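Right, one structure below, let's go through it.
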Amino acid sequence: MTFWQWLTALMPLLSVFSLLVLLRLPARQAMPLSLFVTAILAFVVWQMPALQLAGAVAEGLVIAATVLWIVFGALLLLNVLTDTGAMDSIKAGFSAISPDRRVQLLLIGWLFVAFLEGAAGFGTPAAIAAPLLVALGFPPVAAVVLALIADSSAVSFGAIGTPVLVGLAQGVPGLTEADLRQTVLYAVGTDVLVASWLPVMMCGLLSRYFSEDKSWRPGLAIAPFALLCGLSFTLSAYAVAWFFGPEFPSVLGALVGLMLMTLLARYRILLPATPWYFSADDQAQSDVFKSRSPTTKAISLSRAWLPYLMLAVLLVLSRIPELGLKAMLQSVQWQWSAIFGTKLQVAVQPLYLPGSIFVLCAAIASVLLSQPLSLSQSQPVSRWQPFTAAWRQSGRMLLPSIIALGAAVPMVRIFLHSDVNAADLPAMPLALAEQAALYLTNSWVWCAPLVGALGSFIAGSATFSNLMFGSFQQAMADSSGMPTPIVLALQMLGANAGNMICVVNVVAAASVVNLAGREGEIIRYTLAPMLLYCVGVSAVMWLRGFG
């Protein structure tokens, strides 16, 4: 590869990192600039045909619309719960379990995120958990950063095992069922030793960077509880993967962890004697909220959580093929084949999108939770009023993200579809990986997770990362002399880590908590945990004698 070809292949990475992270431009400015530079270089240097470029951009715009629909649905449900007063009941419920902000982070930011990842994946967890944490009183940046860090380990088996059943099973030719099972067990077994510490890291980051005292001590003080929280998920996920396969480790592991850790938190087992708050003002507000007498409009805790419970159940049921609901929802489909005469195509199944399930749950929540009378008790209030008000509010909140995602996703599709070119070059990500392989074969145990992370960072999904790099990692296993299941496990775990800095996820999560423009700041926080995760899984494999 020539220098200009190297620069072109690296441009999506360099532009995003330089503009978002170093120059700190908002995503609504950085992503259109990145798209423009990437498209020009792809046309001039990589020699992509104009129609292929246009087709990739068009495909990206359609995919961006589906991501925006998910974000809109998450906003809509949150706003309905806020308008009806259900969110106040949820806050009170968490205060009853524990007012400690660290405990709330672990229950929502770690375990609830893991459950949502297992049920739906594809950016849904952070879009739900981040605004929920903000509603509880967390700083918005903390909510997004920590939700993204948490949405990593569970990604291996996200969306009912899609990264494995689609990403690896279809992305690695000739992969046997025995090798696939071995890959899964290596991956989740390594996570027991590495990802179990992520909750400890999350608590440390929470107290060090987002509290008044700026100290690591409060985060480390809850380390025993946080580590047990991590193990309650990873060990349960390992057991489920061993006995039942890759579909349900994240869903069932998270449920086991939630039940266990909620019980321990309620009885203050392994918790520090004094609850921790962000500041004295935060504690004062929490005390006022706890002492406030219930109003006549107060909604019971079970009713307040009903929309989220309904959402979780529908997401799980709609992802299990044997139940028939998945096929029914997928039967409604819009497809654009041979975009602009290319081989590119895109299909949208509107009823199957998580955003549609969000909207349905928001509509039902409006009817079930709204009060039949106004505060004056004199005029009836429509049960659809919270839904219509939340619809308008959510639409306004979504506007800043339309430009960012509308440019970010097309840039990614150009990167991925650059295999069609007149210069006889592979797709840009494979070109980068092949060049790295020329010099790093003997150190591939340390490089394999970084390749997986690269895939998630750019493509926006661990499934796409596994599809894109699975066969390449298989070839690298042969070249380096490492067992194929080991290298594929490292690919899986690296794809998990890349989810923390994935541009699409960052923009989506930032938009639901009104942080549009601060995406670079978020990535600066999540970059180090991502690298530590990659180094950690490589170190475990190296210590086991691989590489």
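In the structure tokens, chains take letters A, B, ... by order of appearance, with residues numbered from 1 within each chain and ligands from 1 in the order shown.
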In segment 300-432 of chain A, what's strand (DSSP E) per DSSP? Answer as an mmCIF file with C-alpha atoms, in the first residue's frame?
data_model
loop_
_atom_site.group_PDB
_atom_site.id
_atom_site.type_symbol
_atom_site.label_atom_id
_atom_site.label_comp_id
_atom_site.auth_asym_id
_atom_site.auth_seq_id
_atom_site.Cartn_x
_atom_site.Cartn_y
_atom_site.Cartn_z
ATOM 1 C CA TRP A 334 -39.215 -2.575 3.062
ATOM 2 C CA GLN A 335 -36.206 -3.380 0.899
ATOM 3 C CA TRP A 336 -34.055 -1.323 -1.456
ATOM 4 C CA VAL A 346 -30.709 -2.482 2.583
ATOM 5 C CA ALA A 347 -33.849 -3.801 4.242
ATOM 6 C CA VAL A 348 -35.886 -2.371 7.096
#
Taking 4 positions as the minimum chain separation for residues in the same chain, which residues sit within 6 Å of Ala27 of chain A when counting only C-alpha atoms? Answer as an NGL selection string.
:A and (31 or 404 or 517)
Separation of atom CA of Gln182 of chain A and atom CA of Asn499 of chain A, in Å?
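Atom CA of Gln182 of chain A sits 23.1 Å away from atom CA of Asn499 of chain A.
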As a count of residues only, which residues of segment 290-523 of chain A does DSSP assign to helix (DSSP H, G or I)?
160
Considering only C-alpha atoms, return as a PyMOL selection string whatever protein or nucleic-acid residues lie within 10 Å of Ile403 of chain A, sequence-local ones (same chain, fewer than 5 positions apart) excluded.
chain A and resi 27-29+31-32+64+398+408
Exercise: Leu14 of chain A partners within 12 Å, only C-alpha atoms, chain neighbours under 3 positions left out, as a PyMOL selection string
chain A and resi 6-11+17-23+30-31+33-35+37-38+458
Which residue out of A:Phe248, A:Phe115, A:Phe387, A:Trp110 has the minimum interatomic distance to Ala143 of chain A when only C-alpha atoms are used?
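The shortest atom-to-atom distance to Ala143 of chain A comes from A:Trp110.
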Between atom CA of Gly253 of chain A and atom CA of Ser236 of chain A, what is the spacing in Å?
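Result for atom CA of Ser236 of chain A versus atom CA of Gly253 of chain A: 4.6 Å, one decimal.
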With a distance cut-off of 9 Å and only C-alpha atoms, select the neighbouring residues of Asp179 of chain A, excluding the residue or stretch itself and same-chain residues fewer than 5 positions from it, and output the selection as a PyMOL selection string.
chain A and resi 184+484-485
Using only C-alpha atoms, the best pick from A:Ser479, A:Thr190, A:Ser471, A:Ser215 as closest to Leu543 of chain A would be A:Thr190
In Å, with one decimal, what is the gap from atom CA of Ser366 of chain A to atom CA of Val504 of chain A?
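The value is 29.4 Å.
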